[in-house]
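Undergrad: Before we start, here is the structure in question, set down as structure tokens.
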Amino acid sequence: MNRSIVFLATFCCLCGVLHTQTNVPDSLAYQGYQRKYLVHVPPSYDGVRKAPALIFLHGGSGNILSAQNFTLLNPVSNRNGFLAVYPEGIAPTGNGGFVWADGRGTGADKLGIDDVGFVNTMIEALARKYALDTMRIYLAGFSNGGFLVQRIACEANARFAAIASLGSTIDIIQYPRCRPGRPIPMLLLAGTRDPFVPYGGGAMQGSVPDVISSSELFRFWTDNNRCRKQIDSLNLTDIDTSDSSTVTVFEYTECDCNANVQHVRINGGGHTWPGVELPSYELIAGQTNEDVQASELLWAFFSRYTLCSTVSAMQEPPAPARISLYPNPATGMVVVEAGSMISSIQVFDLRGSLIRQQAVFSQQCAFPAGTLIQGAYYIAVRTSDNRIATIRFMVQ
């Protein structure tokens, strides 16, 4: 991931002046730290016409350099004229790498780092220094960076026209608390054989919470955006039959604010960046799909959107459903009650795996907790007015 990749400078003629791509290192003071970031400026940028920006958050143990080499995003920036921005984490992991405070108890979390605030403060600095199109700011991240992306999407998303996370999902502690407050175009890319972030949810390596599945995160965003139409899944052409993987694309449309949600599933893919093969990294991370280039997919998705600022989109989200559950702890039947009609319930274990689900057409329902093994669970209750609430309960 840290191999040096030399890019040939390209030139374009604009208003009689030649411009070349440049990498501009920069930093800002935040929380008593001097936080680094780098701006890749494409050849077409002239400082007059406003340019969109794509902010990319590196993975754990990554840095500014590895983020560029791992994604090959700069050539995509050059071809499409957007600023590619690479902020860097602050908590060191060794070998020149850093980790983000994504809310899962990482080294940066333990230091009290506020990376959500840092990313938003960096955008303010960018707007002062560049001709930035503030209606077209996009956020993407991979792995640890992707987990931070989801945290930002839940907590402080107002500046972003569209968001994407790759090789990541969200943990079961933050998931019930996620309140985006508006529809956001969302792209999720994940490999079904990712050895680090399990596609089906569950435990991860290290002392971090379990995560929900990629399909559950996809469902969350389609619900949040109030998407009404699921288009047929699309199996992309298997261009490289030697990469032991294929690509299937799922998408929901007719969403509020036209905020479509897309899930790119890499069938057989690992914890890798499609289209950028790093053989030594594959030994621990799994297969790299060569049928698509993830950076190209990102821009193809992002370029559809400008920041939605309609009144309806920026309203506060509906309050969570008012529900109660008893008895808790439970040994036999568990009763769930809501202030409005319940449409469905889902029971998850702490790994985020779906254990039980059922349709309901009343304000009260019961299910046999005695069929569950002893331990802790979450129940997600959806009401007929599309409100959701989650409660943790114990089975004895």
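Every chain in the structure tokens takes a letter, A first, then B, and so on in the order presented; its residues are numbered from 1, and the ligands are numbered from 1 following the presented order.
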If you count only C-alpha atoms, which residues fall within 7 Å of segment 141-154 of chain A, apart from same-chain ones fewer than 5 positions away, as a list of chain:residue names?
TA: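 Returned residues: A:Phe56, A:Leu57, A:His58, A:Gly59, A:Gly60, A:Trp100, A:Ala101, A:Asp102, A:Val116, A:Ala164, A:Ser165, A:Leu166, A:Gly167, A:Ser168, A:Thr169, A:Ile170, A:Cys178, A:Arg179, A:Pro180.
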Undergrad: Which neighbours of segment 337-340 of chain A fall inside 12 Å, counting only C-alpha atoms, when residues of the same chain fewer than 3 positions from it are skipped, and could you give them as a PyMOL selection string?
TA: chain A and resi 319-327+334+343-345+360-367+380-391
Undergrad: Between A:Ile113, A:Arg304, A:Pro195, A:Gln34, which residue has the minimum interatomic distance to Leu283 of chain A, considering only C-alpha atoms?
TA: A:Pro195
Undergrad: Quick one: pull the distance between atom CA of Gly332 of chain A and atom CA of Pro368 of chain A, Å, one decimal.
TA: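 Going from atom CA of Gly332 of chain A over to atom CA of Pro368 of chain A covers 5.8 Å.
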Undergrad: In Å, how far is it from atom CA of Asp133 of chain A to atom CA of Pro52 of chain A?
TA: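 Spanning atom CA of Asp133 of chain A to atom CA of Pro52 of chain A is a straight-line distance of 5.0 Å.
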Undergrad: What separation in Å, quoted to one decimal, exists between atom CA of Ala91 of chain A and atom CA of Ala108 of chain A?
TA: 5.0 Å
Undergrad: Taking the chain letters and numbering used in this document, name the residues of segment 13-106 of chain A that DSSP puts in strand (DSSP E or B), as a PDB file with N, CA and C atoms, in the first residue's frame.
TA:
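part22.pdb, written as the output of this step:
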```pdb
ATOM      1  N   CYS A  13      -4.733  23.394 -21.874  1.00  0.00           N
ATOM      2  CA  CYS A  13      -4.758  24.815 -22.201  1.00  0.00           C
ATOM      3  C   CYS A  13      -6.100  25.379 -21.775  1.00  0.00           C
ATOM      4  N   LEU A  14      -6.085  26.387 -20.943  1.00  0.00           N
ATOM      5  CA  LEU A  14      -7.305  27.001 -20.442  1.00  0.00           C
ATOM      6  C   LEU A  14      -7.104  28.508 -20.420  1.00  0.00           C
ATOM      7  N   VAL A  17      -3.622  29.876 -20.721  1.00  0.00           N
ATOM      8  CA  VAL A  17      -2.626  29.640 -19.681  1.00  0.00           C
ATOM      9  C   VAL A  17      -2.471  28.139 -19.464  1.00  0.00           C
ATOM     10  N   LEU A  18      -1.237  27.674 -19.314  1.00  0.00           N
ATOM     11  CA  LEU A  18      -0.990  26.267 -19.052  1.00  0.00           C
ATOM     12  C   LEU A  18      -1.066  25.990 -17.555  1.00  0.00           C
ATOM     13  N   HIS A  19      -1.745  24.881 -17.192  1.00  0.00           N
ATOM     14  CA  HIS A  19      -1.845  24.482 -15.802  1.00  0.00           C
ATOM     15  C   HIS A  19      -1.373  23.038 -15.677  1.00  0.00           C
ATOM     16  N   THR A  20      -0.758  22.721 -14.611  1.00  0.00           N
ATOM     17  CA  THR A  20      -0.308  21.354 -14.367  1.00  0.00           C
ATOM     18  C   THR A  20      -0.863  20.886 -13.044  1.00  0.00           C
ATOM     19  N   THR A  22      -0.954  19.575  -9.376  1.00  0.00           N
ATOM     20  CA  THR A  22      -0.056  19.822  -8.254  1.00  0.00           C
ATOM     21  C   THR A  22      -0.609  19.164  -7.001  1.00  0.00           C
ATOM     22  N   ASN A  23       0.279  18.777  -6.118  1.00  0.00           N
ATOM     23  CA  ASN A  23      -0.089  18.300  -4.797  1.00  0.00           C
ATOM     24  C   ASN A  23       0.317  19.369  -3.783  1.00  0.00           C
ATOM     25  N   VAL A  24      -0.652  19.893  -3.066  1.00  0.00           N
ATOM     26  CA  VAL A  24      -0.396  20.999  -2.148  1.00  0.00           C
ATOM     27  C   VAL A  24      -0.566  20.508  -0.715  1.00  0.00           C
ATOM     28  N   PRO A  25       0.542  20.305   0.023  1.00  0.00           N
ATOM     29  CA  PRO A  25       0.410  19.927   1.436  1.00  0.00           C
ATOM     30  C   PRO A  25      -0.038  21.115   2.269  1.00  0.00           C
ATOM     31  N   ASP A  26      -0.851  20.842   3.282  1.00  0.00           N
ATOM     32  CA  ASP A  26      -1.362  21.922   4.109  1.00  0.00           C
ATOM     33  C   ASP A  26      -1.656  21.365   5.500  1.00  0.00           C
ATOM     34  N   SER A  27      -2.008  22.234   6.414  1.00  0.00           N
ATOM     35  CA  SER A  27      -2.351  21.797   7.767  1.00  0.00           C
ATOM     36  C   SER A  27      -3.164  22.885   8.443  1.00  0.00           C
ATOM     37  N   LEU A  28      -3.795  22.523   9.554  1.00  0.00           N
ATOM     38  CA  LEU A  28      -4.529  23.493  10.355  1.00  0.00           C
ATOM     39  C   LEU A  28      -4.446  23.077  11.819  1.00  0.00           C
ATOM     40  N   ALA A  29      -4.558  24.047  12.693  1.00  0.00           N
ATOM     41  CA  ALA A  29      -4.526  23.775  14.126  1.00  0.00           C
ATOM     42  C   ALA A  29      -5.921  23.378  14.592  1.00  0.00           C
ATOM     43  N   TYR A  30      -5.987  22.235  15.294  1.00  0.00           N
ATOM     44  CA  TYR A  30      -7.277  21.767  15.791  1.00  0.00           C
ATOM     45  C   TYR A  30      -7.043  20.914  17.034  1.00  0.00           C
ATOM     46  N   TYR A  33      -3.535  20.157  18.084  1.00  0.00           N
ATOM     47  CA  TYR A  33      -2.695  19.414  17.144  1.00  0.00           C
ATOM     48  C   TYR A  33      -2.624  20.183  15.827  1.00  0.00           C
ATOM     49  N   GLN A  34      -1.514  19.993  15.115  1.00  0.00           N
ATOM     50  CA  GLN A  34      -1.403  20.529  13.774  1.00  0.00           C
ATOM     51  C   GLN A  34      -1.818  19.408  12.822  1.00  0.00           C
ATOM     52  N   ARG A  35      -3.025  19.483  12.303  1.00  0.00           N
ATOM     53  CA  ARG A  35      -3.596  18.405  11.505  1.00  0.00           C
ATOM     54  C   ARG A  35      -3.239  18.577  10.037  1.00  0.00           C
ATOM     55  N   LYS A  36      -2.694  17.524   9.443  1.00  0.00           N
ATOM     56  CA  LYS A  36      -2.219  17.572   8.063  1.00  0.00           C
ATOM     57  C   LYS A  36      -3.287  17.133   7.070  1.00  0.00           C
ATOM     58  N   TYR A  37      -3.212  17.731   5.886  1.00  0.00           N
ATOM     59  CA  TYR A  37      -3.996  17.243   4.748  1.00  0.00           C
ATOM     60  C   TYR A  37      -3.296  17.670   3.466  1.00  0.00           C
ATOM     61  N   LEU A  38      -3.655  17.050   2.381  1.00  0.00           N
ATOM     62  CA  LEU A  38      -3.053  17.372   1.082  1.00  0.00           C
ATOM     63  C   LEU A  38      -4.169  17.571   0.074  1.00  0.00           C
ATOM     64  N   VAL A  39      -3.998  18.568  -0.789  1.00  0.00           N
ATOM     65  CA  VAL A  39      -4.977  18.836  -1.840  1.00  0.00           C
ATOM     66  C   VAL A  39      -4.328  18.551  -3.190  1.00  0.00           C
ATOM     67  N   HIS A  40      -4.904  17.614  -3.916  1.00  0.00           N
ATOM     68  CA  HIS A  40      -4.463  17.363  -5.293  1.00  0.00           C
ATOM     69  C   HIS A  40      -5.272  18.263  -6.212  1.00  0.00           C
ATOM     70  N   VAL A  41      -4.583  19.168  -6.902  1.00  0.00           N
ATOM     71  CA  VAL A  41      -5.225  20.152  -7.766  1.00  0.00           C
ATOM     72  C   VAL A  41      -5.109  19.680  -9.213  1.00  0.00           C
ATOM     73  N   ALA A  51     -14.725  24.603  -8.323  1.00  0.00           N
ATOM     74  CA  ALA A  51     -14.475  23.179  -8.563  1.00  0.00           C
ATOM     75  C   ALA A  51     -15.071  22.339  -7.435  1.00  0.00           C
ATOM     76  N   PRO A  52     -15.594  21.183  -7.767  1.00  0.00           N
ATOM     77  CA  PRO A  52     -16.044  20.262  -6.707  1.00  0.00           C
ATOM     78  C   PRO A  52     -14.849  19.666  -5.981  1.00  0.00           C
ATOM     79  N   ALA A  53     -15.110  19.065  -4.820  1.00  0.00           N
ATOM     80  CA  ALA A  53     -14.047  18.430  -4.042  1.00  0.00           C
ATOM     81  C   ALA A  53     -14.506  17.062  -3.554  1.00  0.00           C
ATOM     82  N   LEU A  54     -13.594  16.106  -3.632  1.00  0.00           N
ATOM     83  CA  LEU A  54     -13.825  14.768  -3.094  1.00  0.00           C
ATOM     84  C   LEU A  54     -12.827  14.558  -1.965  1.00  0.00           C
ATOM     85  N   ILE A  55     -13.326  14.430  -0.751  1.00  0.00           N
ATOM     86  CA  ILE A  55     -12.481  14.203   0.426  1.00  0.00           C
ATOM     87  C   ILE A  55     -12.407  12.711   0.675  1.00  0.00           C
ATOM     88  N   PHE A  56     -11.184  12.186   0.754  1.00  0.00           N
ATOM     89  CA  PHE A  56     -11.002  10.749   0.959  1.00  0.00           C
ATOM     90  C   PHE A  56     -10.270  10.481   2.270  1.00  0.00           C
ATOM     91  N   LEU A  57     -10.836   9.607   3.085  1.00  0.00           N
ATOM     92  CA  LEU A  57     -10.256   9.240   4.372  1.00  0.00           C
ATOM     93  C   LEU A  57      -9.574   7.885   4.256  1.00  0.00           C
ATOM     94  N   GLY A  62      -2.959   3.933   7.543  1.00  0.00           N
ATOM     95  CA  GLY A  62      -2.646   4.639   6.307  1.00  0.00           C
ATOM     96  C   GLY A  62      -2.176   6.050   6.579  1.00  0.00           C
ATOM     97  N   LEU A  83     -11.135  18.641  -7.053  1.00  0.00           N
ATOM     98  CA  LEU A  83     -10.061  18.625  -6.075  1.00  0.00           C
ATOM     99  C   LEU A  83     -10.143  17.312  -5.293  1.00  0.00           C
ATOM    100  N   ALA A  84      -9.043  16.601  -5.196  1.00  0.00           N
ATOM    101  CA  ALA A  84      -8.974  15.388  -4.384  1.00  0.00           C
ATOM    102  C   ALA A  84      -8.247  15.749  -3.092  1.00  0.00           C
ATOM    103  N   VAL A  85      -8.929  15.604  -1.972  1.00  0.00           N
ATOM    104  CA  VAL A  85      -8.406  16.072  -0.691  1.00  0.00           C
ATOM    105  C   VAL A  85      -8.146  14.870   0.213  1.00  0.00           C
ATOM    106  N   TYR A  86      -6.925  14.814   0.784  1.00  0.00           N
ATOM    107  CA  TYR A  86      -6.510  13.682   1.605  1.00  0.00           C
ATOM    108  C   TYR A  86      -6.120  14.154   3.010  1.00  0.00           C
ATOM    109  N   PRO A  87      -7.051  14.181   3.934  1.00  0.00           N
ATOM    110  CA  PRO A  87      -6.665  14.460   5.323  1.00  0.00           C
ATOM    111  C   PRO A  87      -5.964  13.253   5.937  1.00  0.00           C
ATOM    112  N   ALA A  91      -3.567   9.743  15.351  1.00  0.00           N
ATOM    113  CA  ALA A  91      -3.086   8.744  16.304  1.00  0.00           C
ATOM    114  C   ALA A  91      -2.193   7.741  15.579  1.00  0.00           C
ATOM    115  N   PRO A  92      -0.893   7.676  15.901  1.00  0.00           N
ATOM    116  CA  PRO A  92       0.035   6.824  15.155  1.00  0.00           C
ATOM    117  C   PRO A  92      -0.180   5.340  15.441  1.00  0.00           C
ATOM    118  N   THR A  93       0.041   4.528  14.407  1.00  0.00           N
ATOM    119  CA  THR A  93      -0.069   3.074  14.550  1.00  0.00           C
ATOM    120  C   THR A  93       1.250   2.369  14.255  1.00  0.00           C
ATOM    121  N   GLY A  94       2.295   3.109  13.967  1.00  0.00           N
ATOM    122  CA  GLY A  94       3.575   2.516  13.585  1.00  0.00           C
ATOM    123  C   GLY A  94       3.734   2.497  12.082  1.00  0.00           C
ATOM    124  N   GLY A  97       1.948   5.172   9.843  1.00  0.00           N
ATOM    125  CA  GLY A  97       0.512   5.193   9.634  1.00  0.00           C
ATOM    126  C   GLY A  97      -0.246   5.777  10.811  1.00  0.00           C
ATOM    127  N   PHE A  98      -1.543   6.040  10.567  1.00  0.00           N
ATOM    128  CA  PHE A  98      -2.388   6.668  11.572  1.00  0.00           C
ATOM    129  C   PHE A  98      -3.773   6.041  11.555  1.00  0.00           C
ATOM    130  N   VAL A  99      -4.516   6.274  12.645  1.00  0.00           N
ATOM    131  CA  VAL A  99      -5.865   5.746  12.765  1.00  0.00           C
ATOM    132  C   VAL A  99      -6.820   6.883  13.089  1.00  0.00           C
TER     133      VAL A  99
END
```
Undergrad: Given the choices A:Ala162, A:Ala300, A:Val292, A:Ala190, which gets closest to Ser77 of chain A if the distance is worked out from only C-alpha atoms?
TA: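 Using only C-alpha atoms, Ser77 of chain A sits closest to A:Ala300.
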Undergrad: Write out as a PyMOL selection string which residues come within 8 Å of Gln396 of chain A when counting only C-alpha atoms, dropping same-chain ones fewer than 2 positions away.
TA: chain A and resi 329-331+374-375+394
Undergrad: Would you mind exporting the chosen residues as a PDB file, in the first residue's frame, restricted to N, CA and C atoms?
TA:
```pdb
ATOM      1  N   PRO A 329     -34.800  -8.298  32.051  1.00  0.00           N
ATOM      2  CA  PRO A 329     -34.500  -9.501  31.275  1.00  0.00           C
ATOM      3  C   PRO A 329     -35.730 -10.395  31.071  1.00  0.00           C
ATOM      4  N   ALA A 330     -35.649 -11.237  30.041  1.00  0.00           N
ATOM      5  CA  ALA A 330     -36.760 -12.092  29.670  1.00  0.00           C
ATOM      6  C   ALA A 330     -36.381 -13.561  29.794  1.00  0.00           C
ATOM      7  N   THR A 331     -37.389 -14.365  30.054  1.00  0.00           N
ATOM      8  CA  THR A 331     -37.194 -15.822  30.100  1.00  0.00           C
ATOM      9  C   THR A 331     -38.193 -16.542  29.209  1.00  0.00           C
ATOM     10  N   GLN A 374     -29.146 -17.735  25.986  1.00  0.00           N
ATOM     11  CA  GLN A 374     -28.907 -16.700  26.982  1.00  0.00           C
ATOM     12  C   GLN A 374     -27.911 -15.669  26.459  1.00  0.00           C
ATOM     13  N   GLY A 375     -28.221 -14.388  26.707  1.00  0.00           N
ATOM     14  CA  GLY A 375     -27.320 -13.326  26.271  1.00  0.00           C
ATOM     15  C   GLY A 375     -28.072 -12.051  25.964  1.00  0.00           C
ATOM     16  N   MET A 394     -32.136  -8.444  27.449  1.00  0.00           N
ATOM     17  CA  MET A 394     -31.396  -9.624  27.892  1.00  0.00           C
ATOM     18  C   MET A 394     -32.327 -10.829  27.934  1.00  0.00           C
TER      19      MET A 394
END
```
Undergrad: Let's see if you can do this: from backbone DSSP, list all helix (DSSP H, G or I) residues in segment 222-331 of chain A, as JSON, numbers by chain.
TA: {"A": [222, 223, 224, 256, 257, 258, 279, 280, 281, 282, 283, 284, 285, 294, 295, 296, 297, 298, 299, 300, 301, 302, 311, 312, 313, 314]}
Undergrad: How about saving the chosen residues, N, CA and C atoms kept, as a compact mmCIF listing (two decimals), in the first residue's frame?
TA:
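result.txt written:
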```
# COMPACT_ATOMS: atom_id res chain seq x y z
N THR A 222 -31.60 3.16 2.65
CA THR A 222 -32.78 3.23 1.80
C THR A 222 -33.99 3.69 2.62
N ASP A 223 -34.06 3.25 3.87
CA ASP A 223 -35.15 3.70 4.75
C ASP A 223 -34.98 5.18 5.10
N ASN A 224 -33.77 5.56 5.46
CA ASN A 224 -33.52 6.96 5.83
C ASN A 224 -33.89 7.91 4.70
N ASP A 256 -36.37 10.50 -1.43
CA ASP A 256 -36.50 11.92 -1.12
C ASP A 256 -35.23 12.64 -1.56
N CYS A 257 -35.41 13.83 -2.12
CA CYS A 257 -34.27 14.65 -2.55
C CYS A 257 -33.44 13.97 -3.65
N ASN A 258 -34.03 12.96 -4.31
CA ASN A 258 -33.33 12.18 -5.34
C ASN A 258 -32.05 11.55 -4.80
N PRO A 279 -0.26 -7.12 -4.98
CA PRO A 279 -0.15 -8.56 -4.70
C PRO A 279 0.27 -8.89 -3.27
N SER A 280 1.22 -8.17 -2.71
CA SER A 280 1.66 -8.49 -1.35
C SER A 280 0.56 -8.21 -0.33
N TYR A 281 -0.23 -7.16 -0.57
CA TYR A 281 -1.33 -6.84 0.32
C TYR A 281 -2.44 -7.89 0.23
N GLU A 282 -2.63 -8.45 -0.97
CA GLU A 282 -3.67 -9.46 -1.15
C GLU A 282 -3.43 -10.70 -0.31
N LEU A 283 -2.18 -10.95 0.07
CA LEU A 283 -1.88 -12.13 0.88
C LEU A 283 -2.61 -12.10 2.21
N ILE A 284 -2.90 -10.91 2.73
CA ILE A 284 -3.62 -10.81 4.00
C ILE A 284 -5.03 -10.28 3.83
N ALA A 285 -5.29 -9.59 2.72
CA ALA A 285 -6.57 -8.88 2.57
C ALA A 285 -7.54 -9.54 1.61
N ALA A 294 -12.58 1.31 -8.40
CA ALA A 294 -13.43 1.91 -7.39
C ALA A 294 -13.44 3.43 -7.45
N SER A 295 -12.32 4.04 -7.77
CA SER A 295 -12.28 5.50 -7.85
C SER A 295 -13.17 6.02 -8.98
N GLU A 296 -13.20 5.29 -10.09
CA GLU A 296 -14.09 5.66 -11.19
C GLU A 296 -15.55 5.49 -10.78
N LEU A 297 -15.84 4.42 -10.04
CA LEU A 297 -17.21 4.21 -9.56
C LEU A 297 -17.64 5.34 -8.64
N LEU A 298 -16.73 5.75 -7.75
CA LEU A 298 -17.03 6.85 -6.84
C LEU A 298 -17.45 8.10 -7.60
N TRP A 299 -16.62 8.49 -8.56
CA TRP A 299 -16.93 9.73 -9.25
C TRP A 299 -18.18 9.60 -10.12
N ALA A 300 -18.40 8.44 -10.74
CA ALA A 300 -19.61 8.23 -11.52
C ALA A 300 -20.86 8.42 -10.66
N PHE A 301 -20.79 7.98 -9.40
CA PHE A 301 -21.91 8.14 -8.49
C PHE A 301 -21.99 9.58 -7.98
N PHE A 302 -20.90 10.11 -7.48
CA PHE A 302 -20.91 11.45 -6.89
C PHE A 302 -21.32 12.52 -7.90
N VAL A 311 -36.35 22.48 1.80
CA VAL A 311 -36.80 22.59 3.18
C VAL A 311 -37.14 21.22 3.74
N SER A 312 -37.84 20.42 2.94
CA SER A 312 -38.25 19.11 3.45
C SER A 312 -37.06 18.23 3.74
N ALA A 313 -36.00 18.37 2.94
CA ALA A 313 -34.83 17.51 3.14
C ALA A 313 -34.07 17.90 4.38
N MET A 314 -34.10 19.18 4.76
CA MET A 314 -33.28 19.62 5.87
C MET A 314 -34.03 19.66 7.20
```
Undergrad: Check the smallest atom-to-atom distance from each of A:His271, A:Asp238, A:Arg265, A:Ile184 to Val197 of chain A using only C-alpha atoms, then report the winner.
TA: A:His271
Undergrad: Let me make sure I understand: among A:Thr106, A:Gln21, A:Thr253, A:Asn78, which one has the smallest atom-to-atom distance to Gly206 of chain A if we use only C-alpha atoms?
TA: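 Checking each candidate against Gly206 of chain A, we get A:Thr106 as the closest.
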